[in-house]
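Input: a single structure, listed below in structure tokens.
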Amino acid sequence: MRLRVEYRVGPELRFLANLDMMHAMERTLRRARVPYALSEGFNPHIRLSLGTVLPVGLWGEREYFDIELVAEMKAEKFVKQLNTVFPEGLKAAQAIAIDPSAPSIMSVVNAASYVFKVENAAAEVREQIKTMTTQPELVVPSRGKKKNRPKDLKPGIYKIKVKTEEQFDIIEVWASTGASVNVRFDELLDLMALMGLSRRRVADVWRGGNYCRVGEHFYTPMEKVKKV
Amino acid sequence: MQQKLICDILPRVSKPARYSGGELNIIKKNWDFSGVKMLLAFPDVYEVGMSHVGSKILYGLVNERTNHLLERCYAPWPDMENEMRKEGIPLYALESFQPIENFDVIGFSLQYELSLTNVLNMLDLGRIPVLAKDRELQHPIVIGGGPVCANPEPFADFFDALVIGDGEEVIVEILNLVESCRGAQRRDLLMQLARLEGVYVPSLYEVEYNHAGRCQAIRPVDSAAPKRVRRRVVKSLDAAYFPNKPVVPYMSVVHDRAVVEVMRGCQRGCRFCHAGMVYRPVRERRLKTLLDQAEAQIRSTGYDEISLVSLSTLDFSQVKPLVTELAQKYAAEGIGVALPSLRADQFSVEMASQVQKVRKTTLTLAPEAGTQRLRDAINKNVSEDQLLEAASAAFSSGWNALKLYFMIGLPGEREEDLEGISDLLFKVKHRGDELSRRKVEIRASLACFVPKAHTPFQWRAQDSIAQLQEKRRYLTRRRLKGIKLSFHDEATSYLEGTIARGDRRMGEVILRAWQKGCRFDGWSEHFRFSAWMEAFEECGVDGDTYVTRRRAYEEFLPWDIIDSGIDREFLIQEDELAERGVSSSDCRMEGCNDCGVCTSLEAELDIAEGE
């Protein structure tokens, strides 16, 4: 059977690289002694697929993985068993049994939200950030493979919400991942810096969630999948 | 401080997971309710330190079995060091994030000669005076332990006390003593420490030099200090503590697997081998103990591999049943067995092919020398036939890369021995090409021989840098297709030699080199030999007297202050046998060779389940 699992990566694990997270997850599955499936061949590995890569420096509120099991197991039991052996900072929120032939998370997730917790910005800065999508283009030097080449983030930024609290502004940006434009969180930071938000004011950054964007709707990978 | 680190500093450095702690199975004891607070400091980068088995033992032992607390700290990589100095962040422990100056005891694990500048750097980053004589009541007691302490003199100035030999019993004695001496003057505490067996307190000794400036005696200046410090030995390894829940790092480290220590010591008696002498006698764990320890660790860590470590695991009397049982028990879960050290014989390869079902990447064998004559002289009892058989077995069971370890600069080495290395490599390559479907790859690693304290070669001259370079040139003059040679750096080996057999005057040189910015000397990208040479020059110390000088048997040796348990007469006899090219036997197999360890340390060979 195949399970899709939603989990949280706490702030204390923000410095893990993707491979580190992969190892941590595999070790957790072995400690939990769940009936994971192994790949064929001489060097068997657990049939586990982590969703999109959580960038080093971010923690994640809602991340996802798919796992194949060789025996039936209740999703709730799986979650419970994992949570008893997860290291501090990792926690499974829920799991659902999905169709074994469902497309991989990696192939369905095309958007993510990044949350920036910043010390209260000046009103005009806040306003500029809030309305940035009305600009004709949003160009920053690329942080990706084409390093420093000008990159227009505009087509990849879908939605911005700014919530002002007593000490902090919570800025959440829904942006494209992979595909045509891949918007990186550090490029968003650069973009906001151009709008006058000093990097020093940024107290925390995390990924709020991963989504399958269809038209104007953002579905979670738990919603947009064939369940069994 | 933790907040500033996480938000501001760690995002700017490479591999921040080295500095953020929080790994699985870490033990965070309550700071206020714990007895003595000790920091286990490893003077190398996190990935190296986290792979060290001894540290895992001490960490679990102190935290689980005593009321004291033990936390970890590793040497920050230079980019992190810069940030820490710039931002005024003191070196801190990974469990509590307490600055290291708040600990009562700091214990450095000394595994490699060239990690000493890192010791000084870590103390300095922790705002602790680097010289023991400058420390006062409020400062931690700085101790050291590990194989490098077999000759503690070159770094005696930096340590309040040094532990000689196995650490798992004496560390508890030290912490209990520190607890009972709270409030006492520093010197009084040091005098008490000196009474513990296996503890060397350098400040309680004076060093006497002769007219030529050579160390000719080291004498206690206080009645509390013994004339010689006897090495500590854990008598029953089977009963000794071993951690069931080791810390599991998030980032990849050098040895990233569960590990059980199947035995301690090795009695093959290779004359060049430091570990083979200073970890005597051989003590094994029982099969049942090891299976239980392996099970506990696999369950608590989730590792997919368990490694059976020791100096020579294939010599462990129960290796076959152990490997067979582990491989069977865990195969269905995808958990494998790893054998880190192999003998150059067929049995080894058979065992290896049993466990390494797939990863037939590279197999490593260590003939050490190129001819039978020289192998006999160094007492590496492996013949060319055995070696070729091992290689054949490896190639026909699917390996297509073989790595061979050699040393150059061994005592009595001649041109024919270097030629012998090339010949042997050629023969192995030939075998491989015959037996394997693809062209095989042979890699030879050529280390420079560095004579070590307490070995039969402790009186011998080490080759000079120029001699070693000449030998390198000789070996590389003819290209061998499909055979790759890699040489250890000659200057690095020279520096290792100065610390391996130096005396207390080396302290000034190490200090000066560190002040000139030397650190991570064991890492080629950071090694600055010219700065070291300036340090020697400025301190008026001639490194050659430690390295390239042949000593007389009568000469006082700085490490004579340490009683390793091995008779001097045995070492002389072995050195003379080497001169004559005569090998000697393994005492487990063919009777005692009178090395003296068992009688003088009141320990014995412990191979209860073997024949």
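Please note that chains go A, B, ... in the order of the structure tokens, that every chain numbers its residues from 1, and that ligands are numbered from 1 in the order shown.
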
> Counting only C-alpha atoms, which residues from chain A have an atom at most 10 Å from any atom of chain B, and could you show them as an MDAnalysis selection string?
Replying inline: chainID A and resid 11:33 35:39 41:46 56:58 85:89 200 202:205

Contacts between segment 365-368 of chain B and segment 421-515 of chain B, please, where a residue of segment 421-515 of chain B counts if it comes within 12 Å (with only C-alpha atoms); show its shortest atom pair and distance in Å to one decimal, rows by chain and ascending number, as CSV.
residue,atom,partner,partner_atom,distance
B:Ile421,CA,B:Glu368,CA,9.0
B:Leu424,CA,B:Pro367,CA,9.5
B:Leu425,CA,B:Pro367,CA,10.6
B:Val428,CA,B:Leu365,CA,11.3
B:Ile442,CA,B:Leu365,CA,11.1
B:Arg443,CA,B:Leu365,CA,10.5
B:Ala444,CA,B:Ala366,CA,9.5
B:Ser445,CA,B:Ala366,CA,9.4
B:Leu446,CA,B:Glu368,CA,8.6
B:Ala447,CA,B:Glu368,CA,9.0
B:Cys448,CA,B:Glu368,CA,10.7
B:Phe449,CA,B:Glu368,CA,9.9

> Near Pro243 of chain B, within 12 Å and counting only C-alpha atoms, which residues show up once chain neighbours fewer than 4 positions away are dropped, as JSON, numbers by chain?
Replying inline: {"B": [25, 26, 53, 54, 55, 56, 57, 58, 59, 60, 61, 62, 63, 64, 65, 168, 247, 258, 259, 260, 261, 290, 292, 293, 294, 295, 296, 297, 298, 300, 301]}

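Omitting Arg549 of chain B and its sequence neighbours fewer than 5 positions away, and counting only C-alpha atoms, the residues within 10 Å are Trp459, Arg460, Ala461, Gln462, Asp463, Ser464, Gly543 and Asp544 of chain B.
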
Export N, CA and C atoms of the chosen residues as a CSV table (one decimal), in the first residue's frame?
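Once everything was written out, this is out.csv:
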chain,number,residue,atom,x,y,z
B,459,TRP,N,63.5,4.2,18.3
B,459,TRP,CA,64.9,4.7,18.3
B,459,TRP,C,65.4,5.1,16.9
B,460,ARG,N,64.6,4.7,15.9
B,460,ARG,CA,65.0,4.8,14.5
B,460,ARG,C,64.9,6.2,14.0
B,461,ALA,N,65.7,6.5,12.9
B,461,ALA,CA,65.6,7.8,12.2
B,461,ALA,C,64.4,7.7,11.3
B,462,GLN,N,63.7,8.8,11.2
B,462,GLN,CA,62.7,8.9,10.2
B,462,GLN,C,63.4,9.5,8.9
B,463,ASP,N,62.9,9.1,7.8
B,463,ASP,CA,63.5,9.7,6.5
B,463,ASP,C,63.3,11.2,6.5
B,464,SER,N,64.3,11.9,6.0
B,464,SER,CA,64.1,13.4,5.8
B,464,SER,C,63.1,13.6,4.7
B,543,GLY,N,63.9,20.7,14.6
B,543,GLY,CA,63.0,19.6,14.5
B,543,GLY,C,63.7,18.3,14.1
B,544,ASP,N,64.8,18.5,13.4
B,544,ASP,CA,65.6,17.3,13.0
B,544,ASP,C,66.0,16.4,14.1

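Using only C-alpha atoms, the contacts of Ser109 of chain B at a cut-off of 6 Å, with sequence neighbours closer than 4 positions omitted, comprise B:Phe42, B:Gly144, B:Gly145, B:Gly146.
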
Go ahead and save the picked residues with N, CA, C and O atoms, as a CSV table (one decimal), in the first residue's frame.
chain,number,residue,atom,x,y,z
B,42,PHE,N,36.5,17.9,20.8
B,42,PHE,CA,37.2,17.1,19.8
B,42,PHE,C,37.9,18.1,18.8
B,42,PHE,O,37.2,18.9,18.2
B,144,GLY,N,43.5,15.9,28.7
B,144,GLY,CA,43.6,15.3,27.3
B,144,GLY,C,43.7,13.8,27.4
B,144,GLY,O,44.1,13.3,28.5
B,145,GLY,N,43.3,13.1,26.4
B,145,GLY,CA,43.5,11.7,26.4
B,145,GLY,C,43.5,11.2,25.0
B,145,GLY,O,43.3,12.0,24.0
B,146,GLY,N,43.8,9.9,24.8
B,146,GLY,CA,43.9,9.4,23.4
B,146,GLY,C,45.3,8.9,23.1
B,146,GLY,O,46.2,9.2,23.8

> In terms of the shortest atom-to-atom distance over only C-alpha atoms, which of A:Leu191, A:Val109, A:Ile171, A:Leu90 is closest to Pro150 of chain A?
Replying inline: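 Once distances to Pro150 of chain A are computed over only C-alpha atoms, the minimum belongs to A:Leu191.
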
> At what distance in Å, to one decimal, does atom CA of Asn381 of chain B lie from atom CA of Gly581 of chain B?
Replying inline: 11.9 Å

> What is the atom CA of Gly591 of chain B-atom CA of Leu339 of chain B distance in Å, reported with one decimal?
Replying inline: 27.6 Å

>> Which residues are near Val440 of chain B? Cut-off 6 Å, only C-alpha atoms, ignore same chain within fewer than 6 positions. Put them as number ranges by chain.
In response: B: 400-401, 432-433

>> Neighbouring residues of Met195 of chain A were defined as those with any atom within 8 Å, considering only C-alpha atoms; residues of the same chain fewer than 2 positions away were excluded. Please report them as number ranges by chain.
In response: A: 125, 128-129, 191-193, 197

>> Let's see if you can do this: from backbone DSSP, list all strand (DSSP E or B) residues in segment 29-70 of chain A, as an MDAnalysis selection string.
In response: chainID A and resid 36 38 46 48:50 59:69

Take the residues that were just selected and, keeping all heavy atoms, output them as a compact mmCIF listing (two decimals), in the first residue's frame.
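Wrote it out as selection.txt, contents follow:
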# COMPACT_ATOMS: atom_id res chain seq x y z
N TYR A 36 8.01 -1.01 5.78
CA TYR A 36 8.39 -0.30 4.56
C TYR A 36 8.81 -1.27 3.46
O TYR A 36 9.34 -2.34 3.73
CB TYR A 36 9.52 0.71 4.82
CG TYR A 36 10.71 0.17 5.57
CD1 TYR A 36 11.65 -0.64 4.94
CD2 TYR A 36 10.90 0.47 6.92
CE1 TYR A 36 12.75 -1.14 5.63
CE2 TYR A 36 12.00 -0.03 7.62
CZ TYR A 36 12.91 -0.83 6.98
OH TYR A 36 13.99 -1.33 7.65
N LEU A 38 11.18 -2.32 0.30
CA LEU A 38 12.56 -2.06 -0.13
C LEU A 38 12.63 -2.18 -1.64
O LEU A 38 11.89 -2.95 -2.25
CB LEU A 38 13.51 -3.07 0.51
CG LEU A 38 13.72 -2.95 2.02
CD1 LEU A 38 14.48 -4.17 2.55
CD2 LEU A 38 14.47 -1.69 2.37
N ILE A 46 14.84 2.08 1.05
CA ILE A 46 13.42 2.22 1.37
C ILE A 46 12.70 2.97 0.25
O ILE A 46 13.20 3.98 -0.24
CB ILE A 46 13.26 2.95 2.72
CG1 ILE A 46 13.92 2.12 3.83
CG2 ILE A 46 11.78 3.21 3.03
CD1 ILE A 46 13.90 2.77 5.18
N LEU A 48 10.77 5.39 -0.55
CA LEU A 48 10.30 6.61 0.10
C LEU A 48 10.54 7.75 -0.87
O LEU A 48 11.59 7.81 -1.52
CB LEU A 48 11.14 6.83 1.37
CG LEU A 48 11.14 8.22 2.00
CD1 LEU A 48 9.86 8.45 2.77
CD2 LEU A 48 12.33 8.36 2.94
N SER A 49 9.56 8.65 -1.01
CA SER A 49 9.86 9.79 -1.84
C SER A 49 9.44 11.08 -1.16
O SER A 49 8.27 11.28 -0.82
CB SER A 49 9.24 9.59 -3.23
OG SER A 49 8.16 10.41 -3.43
N LEU A 50 10.45 11.89 -0.86
CA LEU A 50 10.19 13.17 -0.21
C LEU A 50 9.62 14.11 -1.27
O LEU A 50 9.97 14.02 -2.44
CB LEU A 50 11.47 13.76 0.36
CG LEU A 50 12.12 13.07 1.55
CD1 LEU A 50 13.21 13.95 2.14
CD2 LEU A 50 11.12 12.73 2.63
N TRP A 59 12.51 26.35 7.80
CA TRP A 59 11.79 25.23 8.39
C TRP A 59 10.45 25.13 7.68
O TRP A 59 10.12 26.00 6.86
CB TRP A 59 11.66 25.38 9.90
CG TRP A 59 10.98 26.59 10.44
CD1 TRP A 59 11.53 27.82 10.63
CD2 TRP A 59 9.62 26.68 10.88
NE1 TRP A 59 10.60 28.68 11.16
CE2 TRP A 59 9.41 28.00 11.33
CE3 TRP A 59 8.56 25.78 10.96
CZ2 TRP A 59 8.20 28.45 11.83
CZ3 TRP A 59 7.34 26.22 11.47
CH2 TRP A 59 7.16 27.54 11.89
N GLY A 60 9.74 24.04 7.90
CA GLY A 60 8.54 23.81 7.09
C GLY A 60 7.34 23.44 7.93
O GLY A 60 7.39 22.50 8.72
N GLU A 61 6.25 24.20 7.73
CA GLU A 61 5.03 23.91 8.50
C GLU A 61 4.33 22.66 8.00
O GLU A 61 3.85 21.86 8.78
CB GLU A 61 4.07 25.10 8.38
CG GLU A 61 3.86 25.81 9.69
CD GLU A 61 2.89 26.98 9.53
OE1 GLU A 61 3.00 27.72 8.53
OE2 GLU A 61 2.03 27.13 10.41
N ARG A 62 4.26 22.55 6.66
CA ARG A 62 3.56 21.38 6.08
C ARG A 62 4.36 20.85 4.91
O ARG A 62 4.36 21.40 3.82
CB ARG A 62 2.14 21.75 5.66
CG ARG A 62 1.21 21.97 6.86
CD ARG A 62 -0.26 22.04 6.44
NE ARG A 62 -0.50 23.07 5.45
CZ ARG A 62 -0.69 24.36 5.76
NH1 ARG A 62 -0.66 24.76 7.02
NH2 ARG A 62 -0.92 25.23 4.80
N GLU A 63 5.09 19.75 5.17
CA GLU A 63 5.88 19.07 4.15
C GLU A 63 5.26 17.69 3.94
O GLU A 63 4.46 17.24 4.76
CB GLU A 63 7.33 18.96 4.60
CG GLU A 63 8.02 20.31 4.84
CD GLU A 63 8.18 21.11 3.56
OE1 GLU A 63 8.57 20.51 2.54
OE2 GLU A 63 7.88 22.32 3.55
N TYR A 64 5.70 17.01 2.85
CA TYR A 64 5.02 15.76 2.50
C TYR A 64 6.00 14.68 2.02
O TYR A 64 7.03 15.00 1.44
CB TYR A 64 4.00 16.01 1.38
CG TYR A 64 3.00 17.07 1.76
CD1 TYR A 64 3.25 18.42 1.50
CD2 TYR A 64 1.83 16.72 2.45
CE1 TYR A 64 2.36 19.40 1.89
CE2 TYR A 64 0.93 17.71 2.85
CZ TYR A 64 1.20 19.05 2.57
OH TYR A 64 0.33 20.02 2.97
N PHE A 65 5.67 13.44 2.33
CA PHE A 65 6.37 12.35 1.65
C PHE A 65 5.39 11.21 1.34
O PHE A 65 4.34 11.09 1.97
CB PHE A 65 7.59 11.85 2.43
CG PHE A 65 7.31 11.12 3.72
CD1 PHE A 65 6.90 9.79 3.73
CD2 PHE A 65 7.52 11.75 4.95
CE1 PHE A 65 6.67 9.11 4.93
CE2 PHE A 65 7.29 11.08 6.15
CZ PHE A 65 6.86 9.77 6.15
N ASP A 66 5.76 10.41 0.35
CA ASP A 66 5.01 9.19 0.02
C ASP A 66 5.88 8.00 0.42
O ASP A 66 7.09 8.03 0.26
CB ASP A 66 4.74 9.09 -1.48
CG ASP A 66 3.63 10.04 -1.92
OD1 ASP A 66 3.02 10.69 -1.05
OD2 ASP A 66 3.38 10.12 -3.14
N ILE A 67 5.24 6.97 0.92
CA ILE A 67 5.97 5.76 1.31
C ILE A 67 5.19 4.53 0.88
O ILE A 67 3.96 4.52 0.97
CB ILE A 67 6.23 5.75 2.84
CG1 ILE A 67 6.79 4.41 3.34
CG2 ILE A 67 4.95 6.01 3.66
CD1 ILE A 67 8.23 4.43 3.56
N GLU A 68 5.91 3.52 0.41
CA GLU A 68 5.27 2.25 0.07
C GLU A 68 5.46 1.26 1.20
O GLU A 68 6.56 1.12 1.73
CB GLU A 68 5.89 1.69 -1.20
CG GLU A 68 5.21 2.21 -2.45
CD GLU A 68 5.90 1.70 -3.69
OE1 GLU A 68 6.08 0.46 -3.80
OE2 GLU A 68 6.29 2.54 -4.52
N LEU A 69 4.38 0.57 1.55
CA LEU A 69 4.46 -0.44 2.60
C LEU A 69 4.17 -1.81 2.00
O LEU A 69 3.41 -1.92 1.02
CB LEU A 69 3.43 -0.14 3.70
CG LEU A 69 3.55 1.21 4.42
CD1 LEU A 69 2.46 1.34 5.48
CD2 LEU A 69 4.92 1.38 5.06
